[in-house]
$ cat my_file_25.csv   # CSV, N, CA and C atoms
chain,number,residue,atom,x,y,z
A,1,MET,N,-0.1,-13.0,42.3
A,1,MET,CA,0.6,-13.9,41.4
A,1,MET,C,0.0,-13.9,40.0
A,2,ALA,N,0.7,-13.7,39.0
A,2,ALA,CA,0.2,-13.6,37.6
A,2,ALA,C,0.0,-15.0,37.0
A,3,THR,N,-1.2,-15.3,36.5
A,3,THR,CA,-1.5,-16.6,36.0
A,3,THR,C,-1.5,-16.6,34.4
A,4,GLY,N,-1.4,-15.4,33.8
A,4,GLY,CA,-1.4,-15.3,32.4
A,4,GLY,C,-2.8,-15.3,31.7
A,5,ILE,N,-3.8,-15.4,32.6
A,5,ILE,CA,-5.2,-15.3,32.1
A,5,ILE,C,-5.7,-13.9,32.3
A,6,LYS,N,-6.3,-13.4,31.2
A,6,LYS,CA,-6.8,-12.0,31.3
A,6,LYS,C,-8.2,-12.1,31.9
A,7,THR,N,-8.4,-11.3,33.0
A,7,THR,CA,-9.7,-11.4,33.7
A,7,THR,C,-10.5,-10.1,33.7
A,8,GLY,N,-9.9,-9.1,33.1
A,8,GLY,CA,-10.7,-7.8,33.1
A,8,GLY,C,-10.2,-6.9,32.0
A,9,GLY,N,-10.6,-5.7,32.0
A,9,GLY,CA,-10.2,-4.7,31.0
A,9,GLY,C,-11.0,-4.8,29.7
A,10,ARG,N,-10.5,-4.2,28.7
A,10,ARG,CA,-11.1,-4.2,27.4
A,10,ARG,C,-11.0,-5.5,26.7
A,11,THR,N,-12.0,-5.8,25.8
A,11,THR,CA,-11.9,-7.0,25.0
A,11,THR,C,-10.9,-6.7,23.8
A,12,ALA,N,-10.3,-7.7,23.3
A,12,ALA,CA,-9.4,-7.5,22.2
A,12,ALA,C,-10.1,-6.7,21.0
A,13,GLY,N,-9.4,-5.7,20.5
A,13,GLY,CA,-9.9,-4.9,19.4
A,13,GLY,C,-10.7,-3.7,19.8
A,14,THR,N,-11.0,-3.6,21.0
A,14,THR,CA,-11.8,-2.5,21.5
A,14,THR,C,-10.9,-1.3,21.7
A,15,LEU,N,-11.3,-0.1,21.1
A,15,LEU,CA,-10.4,1.1,21.3
A,15,LEU,C,-10.4,1.6,22.7
A,16,ASN,N,-9.3,2.2,23.1
A,16,ASN,CA,-9.2,2.8,24.4
A,16,ASN,C,-10.2,4.0,24.4
A,17,LYS,N,-10.8,4.3,25.5
A,17,LYS,CA,-11.8,5.3,25.6
A,17,LYS,C,-11.2,6.7,25.2
A,18,THR,N,-10.0,7.0,25.6
A,18,THR,CA,-9.4,8.3,25.3
A,18,THR,C,-9.1,8.3,23.8
A,19,THR,N,-8.7,7.2,23.2
A,19,THR,CA,-8.4,7.2,21.8
A,19,THR,C,-9.7,7.4,21.0
A,20,SER,N,-10.8,6.8,21.4
A,20,SER,CA,-12.1,7.0,20.7
A,20,SER,C,-12.5,8.5,20.8
A,21,GLU,N,-12.4,9.1,22.0
A,21,GLU,CA,-12.8,10.5,22.2
A,21,GLU,C,-11.9,11.4,21.3
A,22,LEU,N,-10.6,11.1,21.3
A,22,LEU,CA,-9.7,11.9,20.5
A,22,LEU,C,-10.0,11.8,19.0
A,23,ARG,N,-10.3,10.7,18.5
A,23,ARG,CA,-10.6,10.5,17.1
A,23,ARG,C,-11.9,11.2,16.8
A,24,GLU,N,-12.9,11.1,17.7
A,24,GLU,CA,-14.2,11.8,17.5
A,24,GLU,C,-14.0,13.3,17.4
A,25,ARG,N,-13.2,13.9,18.4
A,25,ARG,CA,-12.9,15.3,18.4
A,25,ARG,C,-12.2,15.8,17.2
A,26,PHE,N,-11.2,15.0,16.8
A,26,PHE,CA,-10.4,15.3,15.6
A,26,PHE,C,-11.3,15.3,14.3
A,27,THR,N,-12.2,14.3,14.2
A,27,THR,CA,-13.1,14.3,13.1
A,27,THR,C,-14.0,15.5,13.1
A,28,LEU,N,-14.5,15.9,14.2
A,28,LEU,CA,-15.3,17.2,14.3
A,28,LEU,C,-14.5,18.4,13.9
A,29,LEU,N,-13.2,18.5,14.4
A,29,LEU,CA,-12.3,19.6,14.0
A,29,LEU,C,-12.2,19.7,12.5
A,30,ILE,N,-11.9,18.6,11.9
A,30,ILE,CA,-11.8,18.5,10.4
A,30,ILE,C,-13.1,18.9,9.7
A,31,GLU,N,-14.2,18.3,10.2
A,31,GLU,CA,-15.5,18.6,9.5
A,31,GLU,C,-15.8,20.1,9.7
A,32,ASN,N,-15.6,20.7,10.9
A,32,ASN,CA,-16.0,22.1,11.1
A,32,ASN,C,-15.0,23.1,10.4
A,33,ASN,N,-13.9,22.6,10.0
A,33,ASN,CA,-12.9,23.5,9.3
A,33,ASN,C,-12.6,23.1,7.9
A,34,PHE,N,-13.4,22.3,7.3
A,34,PHE,CA,-13.1,21.7,6.0
A,34,PHE,C,-13.0,22.7,4.9
A,35,ASP,N,-13.9,23.7,4.9
A,35,ASP,CA,-13.8,24.8,3.9
A,35,ASP,C,-12.5,25.6,4.0
A,36,LYS,N,-12.1,25.9,5.3
A,36,LYS,CA,-10.9,26.6,5.5
A,36,LYS,C,-9.6,25.8,5.1
A,37,LEU,N,-9.7,24.5,5.4
A,37,LEU,CA,-8.6,23.7,5.0
A,37,LEU,C,-8.4,23.6,3.5
A,38,GLN,N,-9.6,23.5,2.8
A,38,GLN,CA,-9.6,23.4,1.4
A,38,GLN,C,-9.0,24.7,0.8
A,39,SER,N,-9.4,25.8,1.3
A,39,SER,CA,-8.9,27.1,0.8
A,39,SER,C,-7.4,27.3,1.0
A,40,ASP,N,-7.0,26.8,2.2
A,40,ASP,CA,-5.5,26.9,2.5
A,40,ASP,C,-4.7,25.9,1.6
A,41,ILE,N,-5.3,24.8,1.3
A,41,ILE,CA,-4.6,23.8,0.4
A,41,ILE,C,-4.6,24.4,-1.0
A,42,ASP,N,-5.6,25.1,-1.4
A,42,ASP,CA,-5.7,25.7,-2.8
A,42,ASP,C,-4.7,26.8,-3.0
A,43,LEU,N,-4.2,27.4,-1.9
A,43,LEU,CA,-3.2,28.5,-2.0
A,43,LEU,C,-1.8,27.9,-2.1
A,44,LEU,N,-1.6,26.6,-1.9
A,44,LEU,CA,-0.3,26.1,-2.0
A,44,LEU,C,0.2,25.9,-3.4
A,45,GLU,N,1.5,25.8,-3.6
A,45,GLU,CA,2.1,25.4,-4.9
A,45,GLU,C,1.7,24.0,-5.2
A,46,PRO,N,1.6,23.6,-6.4
A,46,PRO,CA,1.2,22.2,-6.8
A,46,PRO,C,2.0,21.1,-6.0
A,47,LYS,N,3.3,21.3,-6.0
A,47,LYS,CA,4.1,20.2,-5.3
A,47,LYS,C,3.8,20.1,-3.8
A,48,ASP,N,3.6,21.3,-3.2
A,48,ASP,CA,3.2,21.3,-1.8
A,48,ASP,C,1.8,20.8,-1.5
A,49,ARG,N,0.9,21.1,-2.5
A,49,ARG,CA,-0.5,20.6,-2.4
A,49,ARG,C,-0.5,19.1,-2.4
A,50,ILE,N,0.3,18.5,-3.3
A,50,ILE,CA,0.4,17.1,-3.4
A,50,ILE,C,0.9,16.5,-2.1
A,51,LYS,N,2.0,17.1,-1.5
A,51,LYS,CA,2.6,16.6,-0.3
A,51,LYS,C,1.5,16.6,0.8
A,52,VAL,N,0.8,17.7,0.9
A,52,VAL,CA,-0.3,17.8,2.0
A,52,VAL,C,-1.3,16.7,1.8
A,53,ILE,N,-1.8,16.6,0.6
A,53,ILE,CA,-2.8,15.6,0.3
A,53,ILE,C,-2.3,14.2,0.6
A,54,LEU,N,-1.1,13.9,0.3
A,54,LEU,CA,-0.5,12.5,0.6
A,54,LEU,C,-0.4,12.3,2.1
A,55,GLU,N,0.0,13.4,2.8
A,55,GLU,CA,0.1,13.3,4.2
A,55,GLU,C,-1.3,13.0,4.9
A,56,LEU,N,-2.3,13.8,4.4
A,56,LEU,CA,-3.6,13.6,4.9
A,56,LEU,C,-4.2,12.3,4.6
A,57,ALA,N,-3.8,11.7,3.4
A,57,ALA,CA,-4.4,10.4,3.0
A,57,ALA,C,-4.0,9.3,4.0
A,58,LYS,N,-2.9,9.5,4.6
A,58,LYS,CA,-2.4,8.5,5.6
A,58,LYS,C,-3.4,8.2,6.7
A,59,PHE,N,-4.2,9.2,7.0
A,59,PHE,CA,-5.2,9.1,8.0
A,59,PHE,C,-6.6,8.5,7.5
A,60,VAL,N,-6.7,8.4,6.2
A,60,VAL,CA,-7.9,7.9,5.6
A,60,VAL,C,-7.8,6.6,4.9
A,61,VAL,N,-6.7,6.5,4.1
A,61,VAL,CA,-6.5,5.3,3.3
A,61,VAL,C,-5.5,4.4,4.1
A,62,PRO,N,-5.8,3.2,4.3
A,62,PRO,CA,-4.9,2.3,5.0
A,62,PRO,C,-3.6,2.2,4.3
A,63,THR,N,-2.5,2.2,5.0
A,63,THR,CA,-1.2,2.0,4.4
A,63,THR,C,-1.0,0.5,4.1
A,64,LEU,N,-0.5,0.3,2.9
A,64,LEU,CA,-0.3,-1.1,2.4
A,64,LEU,C,1.1,-1.6,3.0
A,65,LYS,N,1.1,-2.8,3.4
A,65,LYS,CA,2.3,-3.4,3.9
A,65,LYS,C,3.1,-4.0,2.7
A,66,ALA,N,4.4,-3.8,2.7
A,66,ALA,CA,5.2,-4.4,1.7
A,66,ALA,C,5.2,-5.9,1.8
A,67,THR,N,5.1,-6.5,0.7
A,67,THR,CA,5.0,-8.0,0.7
A,67,THR,C,6.2,-8.5,-0.1
A,68,GLU,N,6.6,-9.7,0.2
A,68,GLU,CA,7.7,-10.3,-0.5
A,68,GLU,C,7.2,-11.6,-1.2
A,69,LEU,N,7.6,-11.8,-2.4
A,69,LEU,CA,7.2,-13.0,-3.2
A,69,LEU,C,8.3,-13.9,-3.2
A,70,THR,N,8.1,-15.1,-2.7
A,70,THR,CA,9.2,-16.1,-2.8
A,70,THR,C,8.8,-17.2,-3.8
A,71,THR,N,9.7,-17.7,-4.6
A,71,THR,CA,9.4,-18.6,-5.6
A,71,THR,C,9.5,-20.1,-5.2
A,72,GLY,N,10.3,-20.3,-4.2
A,72,GLY,CA,10.6,-21.6,-3.7
A,72,GLY,C,11.6,-22.4,-4.6
A,73,ASN,N,12.1,-21.7,-5.6
A,73,ASN,CA,13.1,-22.2,-6.5
A,73,ASN,C,14.5,-21.8,-6.0
A,74,GLU,N,15.3,-22.8,-5.7
A,74,GLU,CA,16.6,-22.6,-5.1
A,74,GLU,C,17.5,-21.8,-6.0
A,75,ASN,N,17.5,-22.0,-7.3
A,75,ASN,CA,18.5,-21.3,-8.1
A,75,ASN,C,18.0,-19.9,-8.5
A,76,GLY,N,16.8,-19.5,-8.1
A,76,GLY,CA,16.3,-18.1,-8.3
A,76,GLY,C,15.8,-17.9,-9.7
A,77,PHE,N,15.7,-18.9,-10.5
A,77,PHE,CA,15.2,-18.8,-11.9
A,77,PHE,C,13.9,-19.5,-12.1
A,78,ASN,N,12.9,-18.8,-12.5
A,78,ASN,CA,11.6,-19.5,-12.8
A,78,ASN,C,11.3,-19.0,-14.2
A,79,PRO,N,11.3,-20.0,-15.2
A,79,PRO,CA,11.0,-19.6,-16.6
A,79,PRO,C,9.5,-19.2,-16.7
A,80,ILE,N,9.3,-18.2,-17.6
A,80,ILE,CA,7.9,-17.8,-18.0
A,80,ILE,C,7.6,-18.6,-19.2
A,81,VAL,N,6.5,-19.3,-19.2
A,81,VAL,CA,6.1,-20.1,-20.3
A,81,VAL,C,4.9,-19.4,-21.0
A,82,ILE,N,5.1,-19.1,-22.3
A,82,ILE,CA,4.1,-18.5,-23.1
A,82,ILE,C,3.7,-19.5,-24.1
A,83,ASN,N,2.4,-19.9,-24.1
A,83,ASN,CA,1.9,-20.8,-25.1
A,83,ASN,C,1.4,-20.0,-26.3
A,84,LEU,N,2.1,-20.2,-27.4
A,84,LEU,CA,1.8,-19.5,-28.7
A,84,LEU,C,0.9,-20.4,-29.6
A,85,GLY,N,0.5,-21.5,-29.1
A,85,GLY,CA,-0.4,-22.4,-29.8
A,85,GLY,C,0.3,-23.1,-30.9
A,86,ALA,N,-0.4,-23.5,-32.0
A,86,ALA,CA,0.1,-24.2,-33.1
A,86,ALA,C,0.8,-23.4,-34.1
A,87,GLY,N,0.9,-22.1,-33.9
A,87,GLY,CA,1.5,-21.2,-34.9
A,87,GLY,C,3.0,-21.1,-34.9
A,88,ILE,N,3.7,-21.8,-34.0
A,88,ILE,CA,5.1,-21.8,-34.0
A,88,ILE,C,5.6,-23.2,-34.0
A,89,ASN,N,6.7,-23.5,-34.8
A,89,ASN,CA,7.2,-24.9,-34.8
A,89,ASN,C,8.2,-25.1,-33.8
A,90,PRO,N,8.4,-26.4,-33.4
A,90,PRO,CA,9.4,-26.7,-32.3
A,90,PRO,C,10.8,-26.2,-32.6
A,91,ASP,N,11.2,-26.2,-33.8
A,91,ASP,CA,12.6,-25.7,-34.1
A,91,ASP,C,12.7,-24.2,-33.8
A,92,GLU,N,11.7,-23.4,-34.0
A,92,GLU,CA,11.7,-22.0,-33.6
A,92,GLU,C,11.8,-21.9,-32.1
A,93,VAL,N,11.1,-22.7,-31.4
A,93,VAL,CA,11.1,-22.7,-30.0
A,93,VAL,C,12.5,-23.0,-29.4
A,94,ARG,N,13.1,-24.0,-30.0
A,94,ARG,CA,14.5,-24.4,-29.6
A,94,ARG,C,15.5,-23.2,-29.9
A,95,THR,N,15.3,-22.5,-31.0
A,95,THR,CA,16.2,-21.4,-31.3
A,95,THR,C,16.0,-20.3,-30.3
A,96,ILE,N,14.7,-20.0,-30.0
A,96,ILE,CA,14.4,-18.9,-29.1
A,96,ILE,C,15.0,-19.2,-27.7
A,97,ASN,N,14.8,-20.5,-27.3
A,97,ASN,CA,15.3,-20.9,-26.0
A,97,ASN,C,16.8,-20.8,-25.9
A,98,ALA,N,17.5,-21.2,-27.0
A,98,ALA,CA,18.9,-21.1,-27.0
A,98,ALA,C,19.4,-19.7,-26.9
A,99,GLU,N,18.7,-18.8,-27.6
A,99,GLU,CA,19.1,-17.4,-27.6
A,99,GLU,C,18.9,-16.8,-26.2
A,100,LEU,N,17.8,-17.1,-25.6
A,100,LEU,CA,17.5,-16.7,-24.2
A,100,LEU,C,18.6,-17.2,-23.2
A,101,GLU,N,18.9,-18.5,-23.3
A,101,GLU,CA,19.9,-19.1,-22.4
A,101,GLU,C,21.2,-18.5,-22.6
A,102,ALA,N,21.6,-18.1,-23.8
A,102,ALA,CA,22.8,-17.5,-24.1
A,102,ALA,C,22.9,-16.1,-23.5
A,103,LYS,N,21.8,-15.4,-23.4
A,103,LYS,CA,21.8,-14.0,-22.9
A,103,LYS,C,21.8,-14.1,-21.3
A,104,TYR,N,21.2,-15.0,-20.7
A,104,TYR,CA,21.1,-15.1,-19.3
A,104,TYR,C,21.9,-16.2,-18.7
$ encode --input "my_file_25.csv" --output "structure tokens"
Amino acid sequence: MATGIKTGGRTAGTLNKTTSELRERFTLLIENNFDKLQSDIDLLEPKDRIKVILELAKFVVPTLKATELTTGNENGFNPIVINLGAGINPDEVRTINAELEAKY
């Protein structure tokens, strides 16, 4: 009968033994063949060289997750306020605002 309580196995975050061994062997394969890989990459056309480097980077550089920014403003408009200090008079501000509102 399953109780929902984990009583054995790996602790959370611990890699599978096979995964750890595979990563270690793959790392050794790359290290032992690094010069050959570099010379093979050097023989590629620039666009292909970039493709290979980007593909290999996926194994080294963490992939960033896309994020979404929500404003919490129902009408979808959030004005950007730029403080120009005392160098602009209120009439100019009203004129600029009116022009912006007319455009959008």
$ atom_distance --input "my_file_25.csv" --atom1 "atom CA of A:Arg23" --atom2 "atom CA of A:Val61"
15.3 Å
$ atom_distance --input "my_file_25.csv" --atom1 "atom C of A:Ile50" --atom2 "atom C of A:Ala66"
23.1 Å
$ select_by_dssp --input "my_file_25.csv" --residues "stretch 17-92 of chain A" --states "alpha helix (DSSP H)" --output "PyMOL selection string"
chain A and resi 17-32+34-42+46-57+90-92
